[in-house]
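Colleague: This is the structure I have questions about; it appears just below.
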Amino acid sequence: MLANTSESSDFTSLEDEFQGRIGKPILHLRNTTSTMDVARELINESNHDADLHGTTIFADEQTKGRGRFDRTWDSEPGKDILVSLILSPRTAIAGRLPIMASLAVAITVDHFSPDVSSIKWPNDVLVHGKKISGVIAESVTTDRSFVGIIGIGLNVNRRTDSERSRGYLATSIRDVSESSQDLDRKAVVTVLLANLNELHDALDRGESIMPEWREKLVGLGSPVEVSMPSEESVEVIAGVAEDVDEFGRLLIREPDGTLRAVAAGEVTTRT
Ligand code: BTN
């Protein structure tokens, strides 16, 4: 039994809709601390991690939603998509999972408003420069294996006119599509799960999803600063964001000509 949760069944009927592994099974909780916590709890309780591969946990409300770099992730109850995926990937594709998630979200957003989404490295999904979704990747190393947890927060019905989200203006699918009514979240979840499964299957077949992800990236060629917070300090690299490499790392050309490959950080565009 999961601690601090109460269950809903709205999205669980989607379990049989897809051939792929993501969404088998689906847990849909009304309220929890964070779907990331629930995923960890399931992994810690399991004796066989591989059985959890594909488990997808939705919540209508989180009391301690978390974002990257120890930030909080706030959401209004029942308005948005808050989801964590448990994945036991082959080592070769483990690093691609956050890329898969942000690309699946971007394609989902475009489904409701064609060609509007872009991705800010590494995995923020933006529309017209406003953040519509964030992705967080965590991992649990058990004595048996490595298990990845990918968390996605996607603003669906939240009204965001004057809101600031972690230094960005935020937006939502409802705002972008200029709908006068809330969208059916289950319809958005259906498209999202279909896109996640399609991209995950492509990775499983050894196909690259990087060109499509790179195509969506904004800011390549621009002067940037990348902050890389660690436990003790924050390292900042300044230079031109030249490109990304085959691992999805951002390649920064520093003023002295050195090319640095950055795996994680927060990018600010310099003017
Ligand atoms: C970010 O942009 O910093 C990432 C935000 C990720 C938020 C999602 S919401 C579902 C899952 N549960 C959490 O507590 N966080 C992720």
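By convention here, the chains of the structure tokens are called A, B, ... in the order presented, each chain's residues are numbered starting at 1, and ligands are numbered starting at 1 in the order presented.
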List the neighbours of Thr258 (chain A) out to 12 Å using only C-alpha atoms; skip same-chain residues closer than 3 positions along the sequence, and give me the result as a PyMOL selection string.
Modeller: chain A and resi 237-240+242+251-255+261
Colleague: Since we have the selection now, will you write its residues out, keeping C-alpha atoms, as a JSON list (two decimals), in the first residue's frame?
Modeller:
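So the final result, stored in selection_22.json, reads:
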```
[["chain", "number", "residue", "atom", "x", "y", "z"],
["A", 237, "ILE", "CA", 30.31, 28.72, -18.09],
["A", 238, "ALA", "CA", 29.90, 31.52, -20.62],
["A", 239, "GLY", "CA", 30.27, 31.15, -24.37],
["A", 240, "VAL", "CA", 28.35, 30.44, -27.54],
["A", 242, "GLU", "CA", 27.30, 25.92, -30.76],
["A", 251, "LEU", "CA", 28.60, 22.25, -26.73],
["A", 252, "ILE", "CA", 29.76, 25.66, -25.52],
["A", 253, "ARG", "CA", 32.52, 27.55, -27.35],
["A", 254, "GLU", "CA", 34.32, 29.59, -24.69],
["A", 255, "PRO", "CA", 35.94, 32.96, -25.52],
["A", 261, "ALA", "CA", 30.48, 19.66, -23.45]]
```
Colleague: Produce as a ChimeraX atom specification the set of residues near ligand 1, where near means within 8 Å with only C-alpha atoms and all ligand atoms considered.
Modeller: /A:33-37,58-59,62,64-69,71-73,81-84,123-124,133-136,150-154
Colleague: Would you work out the distance separating CA of Thr91 (chain A) from CA of Ile209 (chain A), expressed in Å to one decimal?
Modeller: 16.1 Å
Colleague: Can you list, as a VMD selection string, every protein, DNA or RNA residue that comes within 9 Å of Thr269 (chain A) when you count only C-alpha atoms, leaving out same-chain residues fewer than 4 positions away?
Modeller: chain A and resid 219 222 to 226
Colleague: For Asp10 (chain A), please output as a list in words all residues within 10 Å (counting only C-alpha atoms; exclusion window: fewer than 3 positions along the same chain).
Modeller: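 Using only C-alpha atoms, the neighbours found are Glu7, Ser13, Leu14, Leu27, His28, Leu29, Arg30, Phe58, Arg185 and Lys186 of chain A.
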Colleague: Could you dump the residues just selected with N, CA, C and O atoms as a PDB file, in the first residue's frame?
Modeller:
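Result saved to part_23.pdb:
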```
ATOM      1  N   GLU A   7      -6.520   7.042  -4.429  1.00  0.00           N
ATOM      2  CA  GLU A   7      -6.503   6.654  -5.839  1.00  0.00           C
ATOM      3  C   GLU A   7      -7.704   7.172  -6.618  1.00  0.00           C
ATOM      4  O   GLU A   7      -8.759   7.417  -6.078  1.00  0.00           O
ATOM      5  N   SER A  13      -7.992   3.301 -17.506  1.00  0.00           N
ATOM      6  CA  SER A  13      -8.580   2.576 -18.639  1.00  0.00           C
ATOM      7  C   SER A  13      -7.712   2.707 -19.894  1.00  0.00           C
ATOM      8  O   SER A  13      -7.921   1.984 -20.869  1.00  0.00           O
ATOM      9  N   LEU A  14      -6.728   3.606 -19.873  1.00  0.00           N
ATOM     10  CA  LEU A  14      -5.862   3.767 -21.049  1.00  0.00           C
ATOM     11  C   LEU A  14      -4.786   2.681 -21.122  1.00  0.00           C
ATOM     12  O   LEU A  14      -4.082   2.573 -22.131  1.00  0.00           O
ATOM     13  N   LEU A  27      -1.043   3.962 -12.770  1.00  0.00           N
ATOM     14  CA  LEU A  27      -1.621   4.306 -11.462  1.00  0.00           C
ATOM     15  C   LEU A  27      -2.092   5.751 -11.568  1.00  0.00           C
ATOM     16  O   LEU A  27      -1.356   6.600 -12.094  1.00  0.00           O
ATOM     17  N   HIS A  28      -3.281   6.012 -11.107  1.00  0.00           N
ATOM     18  CA  HIS A  28      -3.783   7.387 -11.142  1.00  0.00           C
ATOM     19  C   HIS A  28      -4.218   7.766  -9.727  1.00  0.00           C
ATOM     20  O   HIS A  28      -5.190   7.218  -9.208  1.00  0.00           O
ATOM     21  N   LEU A  29      -3.462   8.687  -9.143  1.00  0.00           N
ATOM     22  CA  LEU A  29      -3.708   9.076  -7.754  1.00  0.00           C
ATOM     23  C   LEU A  29      -4.365  10.443  -7.712  1.00  0.00           C
ATOM     24  O   LEU A  29      -4.051  11.314  -8.528  1.00  0.00           O
ATOM     25  N   ARG A  30      -5.282  10.604  -6.789  1.00  0.00           N
ATOM     26  CA  ARG A  30      -5.886  11.929  -6.641  1.00  0.00           C
ATOM     27  C   ARG A  30      -4.872  12.886  -6.029  1.00  0.00           C
ATOM     28  O   ARG A  30      -4.697  13.992  -6.472  1.00  0.00           O
ATOM     29  N   PHE A  58       0.282   8.802 -12.443  1.00  0.00           N
ATOM     30  CA  PHE A  58      -0.293  10.140 -12.583  1.00  0.00           C
ATOM     31  C   PHE A  58      -0.815  10.598 -11.228  1.00  0.00           C
ATOM     32  O   PHE A  58      -1.269   9.769 -10.421  1.00  0.00           O
ATOM     33  N   ARG A 185      -8.384  16.392 -19.865  1.00  0.00           N
ATOM     34  CA  ARG A 185      -7.005  15.940 -19.595  1.00  0.00           C
ATOM     35  C   ARG A 185      -6.752  14.536 -20.115  1.00  0.00           C
ATOM     36  O   ARG A 185      -5.651  14.192 -20.525  1.00  0.00           O
ATOM     37  N   LYS A 186      -7.795  13.703 -20.104  1.00  0.00           N
ATOM     38  CA  LYS A 186      -7.600  12.324 -20.560  1.00  0.00           C
ATOM     39  C   LYS A 186      -7.223  12.291 -22.054  1.00  0.00           C
ATOM     40  O   LYS A 186      -6.430  11.457 -22.483  1.00  0.00           O
TER      41      LYS A 186
END
```
Colleague: Can you pull out every residue from region 31-263 of chain A that DSSP, working from the backbone, puts in alpha helix (DSSP H), and format the result as number ranges by chain?
Modeller: A: 35-45, 91-94, 97-112, 173-176, 185-204, 210-216
Colleague: Do you know which residues are at most 10 Å from Asn197 (chain A) counting only C-alpha atoms, after dropping those on the same chain fewer than 5 positions away, and could you put them as a ChimeraX atom specification?
Modeller: /A:18-23,54,100,104,191-192,202-203
Colleague: Could you turn the residues from that selection into a file that holds N, CA and C atoms, as a short mmCIF file (atom, residue, chain, number, x, y, z; two decimals), in the first residue's frame?
Modeller:
```
data_model
loop_
_atom_site.label_atom_id
_atom_site.label_comp_id
_atom_site.auth_asym_id
_atom_site.auth_seq_id
_atom_site.Cartn_x
_atom_site.Cartn_y
_atom_site.Cartn_z
N PHE A 18 -2.44 0.95 -25.73
CA PHE A 18 -1.17 1.02 -26.47
C PHE A 18 -0.47 -0.32 -26.47
N GLN A 19 0.31 -0.55 -27.55
CA GLN A 19 1.10 -1.79 -27.65
C GLN A 19 2.38 -1.68 -26.81
N GLY A 20 2.90 -0.43 -26.69
CA GLY A 20 4.22 -0.25 -26.07
C GLY A 20 4.21 -0.49 -24.57
N ARG A 21 5.38 -0.34 -23.94
CA ARG A 21 5.54 -0.65 -22.52
C ARG A 21 5.11 0.48 -21.60
N ILE A 22 5.14 1.72 -22.10
CA ILE A 22 4.87 2.84 -21.19
C ILE A 22 3.36 2.93 -20.94
N GLY A 23 2.99 2.91 -19.68
CA GLY A 23 1.56 2.91 -19.33
C GLY A 23 1.06 1.52 -18.99
N GLY A 54 7.96 0.54 -17.30
CA GLY A 54 6.75 0.99 -17.98
C GLY A 54 5.67 1.50 -17.03
N MET A 100 13.70 11.84 -24.79
CA MET A 100 12.47 11.20 -25.25
C MET A 100 11.25 11.89 -24.64
N ALA A 104 8.48 13.99 -26.67
CA ALA A 104 7.09 13.48 -26.66
C ALA A 104 6.13 14.58 -26.21
N VAL A 191 -2.73 11.25 -25.99
CA VAL A 191 -1.75 11.64 -27.02
C VAL A 191 -0.33 11.54 -26.45
N LEU A 192 -0.17 11.97 -25.21
CA LEU A 192 1.17 11.92 -24.60
C LEU A 192 1.67 10.48 -24.50
N ALA A 202 11.09 3.45 -30.76
CA ALA A 202 12.15 3.82 -31.71
C ALA A 202 13.53 3.64 -31.06
N LEU A 203 13.66 4.08 -29.80
CA LEU A 203 14.93 3.91 -29.09
C LEU A 203 15.25 2.43 -28.94
#
```
Colleague: List the spatial neighbours of Glu246 (chain A) as JSON, numbers by chain - criterion: any atom at most 12 Å away, only C-alpha atoms, same-chain residues fewer than 6 positions off excluded.
Modeller: {"A": [92, 93, 95, 96, 99, 208, 209, 210, 211, 213, 214, 261, 263]}
Colleague: Restricting it to N, CA and C atoms, dump the selection as a PDB file, in the first residue's frame.
Modeller:
```
ATOM      1  N   ALA A  92      22.597   1.687 -23.063  1.00  0.00           N
ATOM      2  CA  ALA A  92      22.814   2.512 -24.260  1.00  0.00           C
ATOM      3  C   ALA A  92      21.754   3.597 -24.423  1.00  0.00           C
ATOM      4  N   ILE A  93      20.560   3.384 -23.889  1.00  0.00           N
ATOM      5  CA  ILE A  93      19.530   4.410 -24.107  1.00  0.00           C
ATOM      6  C   ILE A  93      19.145   5.172 -22.834  1.00  0.00           C
ATOM      7  N   GLY A  95      20.544   7.515 -21.136  1.00  0.00           N
ATOM      8  CA  GLY A  95      20.739   8.959 -21.214  1.00  0.00           C
ATOM      9  C   GLY A  95      19.759   9.647 -22.157  1.00  0.00           C
ATOM     10  N   ARG A  96      19.076   8.863 -22.963  1.00  0.00           N
ATOM     11  CA  ARG A  96      18.145   9.456 -23.939  1.00  0.00           C
ATOM     12  C   ARG A  96      16.734   9.641 -23.359  1.00  0.00           C
ATOM     13  N   ILE A  99      15.351  13.162 -23.010  1.00  0.00           N
ATOM     14  CA  ILE A  99      15.178  13.700 -24.364  1.00  0.00           C
ATOM     15  C   ILE A  99      13.893  13.143 -24.968  1.00  0.00           C
ATOM     16  N   SER A 208      17.669   6.683 -33.832  1.00  0.00           N
ATOM     17  CA  SER A 208      18.012   7.926 -33.141  1.00  0.00           C
ATOM     18  C   SER A 208      16.819   8.884 -33.151  1.00  0.00           C
ATOM     19  N   ILE A 209      16.564   9.473 -31.994  1.00  0.00           N
ATOM     20  CA  ILE A 209      15.519  10.499 -31.935  1.00  0.00           C
ATOM     21  C   ILE A 209      16.166  11.888 -31.825  1.00  0.00           C
ATOM     22  N   MET A 210      17.512  11.898 -31.851  1.00  0.00           N
ATOM     23  CA  MET A 210      18.224  13.157 -31.626  1.00  0.00           C
ATOM     24  C   MET A 210      17.952  14.213 -32.701  1.00  0.00           C
ATOM     25  N   PRO A 211      17.909  13.856 -33.996  1.00  0.00           N
ATOM     26  CA  PRO A 211      17.688  14.915 -34.998  1.00  0.00           C
ATOM     27  C   PRO A 211      16.367  15.654 -34.766  1.00  0.00           C
ATOM     28  N   TRP A 213      14.756  15.983 -31.918  1.00  0.00           N
ATOM     29  CA  TRP A 213      14.902  16.781 -30.696  1.00  0.00           C
ATOM     30  C   TRP A 213      15.716  18.042 -30.996  1.00  0.00           C
ATOM     31  N   ARG A 214      16.831  17.867 -31.723  1.00  0.00           N
ATOM     32  CA  ARG A 214      17.711  18.996 -32.044  1.00  0.00           C
ATOM     33  C   ARG A 214      16.958  20.045 -32.859  1.00  0.00           C
ATOM     34  N   ALA A 261      31.726  20.425 -23.333  1.00  0.00           N
ATOM     35  CA  ALA A 261      30.475  19.659 -23.446  1.00  0.00           C
ATOM     36  C   ALA A 261      29.820  19.631 -22.072  1.00  0.00           C
ATOM     37  N   ALA A 263      26.710  18.465 -19.613  1.00  0.00           N
ATOM     38  CA  ALA A 263      25.663  17.431 -19.552  1.00  0.00           C
ATOM     39  C   ALA A 263      24.398  17.913 -18.849  1.00  0.00           C
TER      40      ALA A 263
END
```
Colleague: Counting only C-alpha atoms, figure out which residue out of A:Ala101, A:Val147, A:Ile119, A:Val109 gets nearest to His48 (chain A).
Modeller: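 Answer, going by the shortest atom-to-atom distance: A:Val147.
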Colleague: Nearest residue to Leu85 (chain A) out of A:Asp143, A:Arg158, A:Ser118, A:Leu196, using only C-alpha atoms?
Modeller: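 When distances to Leu85 (chain A) are compared using only C-alpha atoms, the smallest one comes from A:Leu196.
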Colleague: CA of Asp115 (chain A) and CA of Glu266 (chain A) are how many Å apart?
Modeller: 24.7 Å
Colleague: For CA of Thr56 (chain A) and CA of Leu193 (chain A), determine how far apart the two atoms are, in Å to one decimal place.
Modeller: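 So the two atoms, CA of Thr56 (chain A) and CA of Leu193 (chain A), lie 9.5 Å apart.
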Colleague: Using DSSP assignments from the backbone, pull out every residue in region 206-244 of chain A that falls under strand (DSSP E or B) and give it to me as a VMD selection string.
Modeller: chain A and resid 217 to 218 223 to 229 234 to 244
Colleague: Save out the residues we just selected, all heavy atoms, as a short mmCIF file (atom, residue, chain, number, x, y, z; two decimals), in the first residue's frame.
Modeller:
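Written file, part_22.cif:
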```cif
data_model
loop_
_atom_site.label_atom_id
_atom_site.label_comp_id
_atom_site.auth_asym_id
_atom_site.auth_seq_id
_atom_site.Cartn_x
_atom_site.Cartn_y
_atom_site.Cartn_z
N LEU A 217 15.24 22.47 -30.71
CA LEU A 217 16.00 23.26 -29.73
C LEU A 217 16.08 24.73 -30.12
O LEU A 217 16.33 25.04 -31.29
CB LEU A 217 17.43 22.72 -29.59
CG LEU A 217 17.62 21.42 -28.81
CD1 LEU A 217 19.09 21.03 -28.84
CD2 LEU A 217 17.14 21.57 -27.36
N VAL A 218 15.89 25.61 -29.15
CA VAL A 218 16.08 27.04 -29.40
C VAL A 218 17.41 27.48 -28.80
O VAL A 218 17.91 26.86 -27.87
CB VAL A 218 14.95 27.91 -28.78
CG1 VAL A 218 13.70 27.83 -29.60
CG2 VAL A 218 14.69 27.55 -27.32
N PRO A 223 24.88 33.50 -27.69
CA PRO A 223 25.73 33.59 -26.50
C PRO A 223 24.91 33.20 -25.26
O PRO A 223 23.78 33.69 -25.10
CB PRO A 223 26.13 35.06 -26.42
CG PRO A 223 25.57 35.70 -27.63
CD PRO A 223 24.56 34.80 -28.25
N VAL A 224 25.47 32.34 -24.44
CA VAL A 224 24.73 31.86 -23.27
C VAL A 224 25.62 31.80 -22.03
O VAL A 224 26.84 31.83 -22.13
CB VAL A 224 24.15 30.41 -23.49
CG1 VAL A 224 23.07 30.39 -24.56
CG2 VAL A 224 25.26 29.42 -23.79
N GLU A 225 24.95 31.68 -20.89
CA GLU A 225 25.63 31.31 -19.64
C GLU A 225 24.95 30.05 -19.15
O GLU A 225 23.73 29.98 -19.14
CB GLU A 225 25.44 32.40 -18.60
CG GLU A 225 26.53 33.43 -18.64
CD GLU A 225 26.34 34.50 -17.57
OE1 GLU A 225 25.50 34.31 -16.66
OE2 GLU A 225 27.03 35.50 -17.69
N VAL A 226 25.74 29.07 -18.76
CA VAL A 226 25.17 27.84 -18.22
C VAL A 226 25.60 27.72 -16.77
O VAL A 226 26.79 27.72 -16.46
CB VAL A 226 25.65 26.59 -18.99
CG1 VAL A 226 24.90 25.36 -18.51
CG2 VAL A 226 25.46 26.75 -20.48
N SER A 227 24.61 27.68 -15.86
CA SER A 227 24.91 27.49 -14.43
C SER A 227 24.78 26.03 -14.11
O SER A 227 23.79 25.40 -14.46
CB SER A 227 23.92 28.24 -13.54
OG SER A 227 23.68 29.50 -14.06
N MET A 228 25.77 25.52 -13.43
CA MET A 228 25.75 24.11 -13.05
C MET A 228 25.87 24.00 -11.53
O MET A 228 26.98 23.94 -10.99
CB MET A 228 26.90 23.38 -13.74
CG MET A 228 26.73 23.40 -15.26
SD MET A 228 28.12 22.69 -16.11
CE MET A 228 29.38 23.87 -15.73
N PRO A 229 24.72 24.01 -10.85
CA PRO A 229 24.76 23.96 -9.39
C PRO A 229 25.21 22.58 -8.90
O PRO A 229 24.81 21.57 -9.47
CB PRO A 229 23.30 24.20 -8.97
CG PRO A 229 22.58 24.62 -10.19
CD PRO A 229 23.34 24.09 -11.35
N VAL A 234 28.11 26.87 -7.40
CA VAL A 234 27.53 26.92 -8.75
C VAL A 234 28.64 27.29 -9.72
O VAL A 234 29.27 28.34 -9.59
CB VAL A 234 26.41 28.00 -8.84
CG1 VAL A 234 25.81 28.02 -10.25
CG2 VAL A 234 25.33 27.76 -7.81
N GLU A 235 28.91 26.42 -10.68
CA GLU A 235 29.89 26.75 -11.71
C GLU A 235 29.15 27.39 -12.88
O GLU A 235 28.09 26.91 -13.27
CB GLU A 235 30.64 25.50 -12.20
CG GLU A 235 31.84 25.86 -13.05
CD GLU A 235 32.43 24.66 -13.81
OE1 GLU A 235 32.04 23.52 -13.53
OE2 GLU A 235 33.28 24.90 -14.69
N VAL A 236 29.69 28.49 -13.40
CA VAL A 236 29.03 29.15 -14.54
C VAL A 236 30.00 29.15 -15.73
O VAL A 236 31.16 29.53 -15.60
CB VAL A 236 28.64 30.61 -14.19
CG1 VAL A 236 27.98 31.27 -15.39
CG2 VAL A 236 27.69 30.64 -13.00
N ILE A 237 29.51 28.68 -16.87
CA ILE A 237 30.31 28.72 -18.09
C ILE A 237 29.65 29.70 -19.05
O ILE A 237 28.43 29.63 -19.25
CB ILE A 237 30.33 27.34 -18.79
CG1 ILE A 237 30.90 26.28 -17.88
CG2 ILE A 237 31.14 27.40 -20.08
CD1 ILE A 237 30.91 24.92 -18.54
N ALA A 238 30.45 30.58 -19.64
CA ALA A 238 29.90 31.52 -20.62
C ALA A 238 30.52 31.24 -21.98
O ALA A 238 31.69 30.85 -22.08
CB ALA A 238 30.20 32.95 -20.19
N GLY A 239 29.75 31.37 -23.02
CA GLY A 239 30.27 31.15 -24.37
C GLY A 239 29.11 31.11 -25.35
O GLY A 239 28.01 31.54 -25.04
N VAL A 240 29.40 30.57 -26.52
CA VAL A 240 28.35 30.44 -27.54
C VAL A 240 27.87 28.99 -27.56
O VAL A 240 28.68 28.06 -27.62
CB VAL A 240 28.87 30.87 -28.93
CG1 VAL A 240 27.85 30.57 -30.02
CG2 VAL A 240 29.22 32.35 -28.91
N ALA A 241 26.54 28.81 -27.49
CA ALA A 241 25.97 27.45 -27.54
C ALA A 241 26.03 26.98 -29.00
O ALA A 241 25.16 27.32 -29.80
CB ALA A 241 24.53 27.47 -27.05
N GLU A 242 27.10 26.24 -29.33
CA GLU A 242 27.30 25.92 -30.76
C GLU A 242 26.37 24.84 -31.25
O GLU A 242 25.81 24.92 -32.34
CB GLU A 242 28.75 25.47 -30.97
CG GLU A 242 29.54 26.55 -31.62
CD GLU A 242 30.94 26.13 -32.01
OE1 GLU A 242 31.22 24.94 -32.29
OE2 GLU A 242 31.77 27.04 -32.03
N ASP A 243 26.23 23.79 -30.46
CA ASP A 243 25.46 22.64 -30.95
C ASP A 243 25.24 21.69 -29.76
O ASP A 243 25.62 21.99 -28.63
CB ASP A 243 26.24 21.91 -32.06
CG ASP A 243 25.31 21.19 -33.03
OD1 ASP A 243 24.14 20.94 -32.67
OD2 ASP A 243 25.75 20.86 -34.14
N VAL A 244 24.62 20.55 -30.05
CA VAL A 244 24.56 19.46 -29.07
C VAL A 244 25.30 18.27 -29.69
O VAL A 244 25.40 18.16 -30.91
CB VAL A 244 23.11 19.05 -28.73
CG1 VAL A 244 22.48 20.04 -27.78
CG2 VAL A 244 22.25 18.90 -29.97
#
```
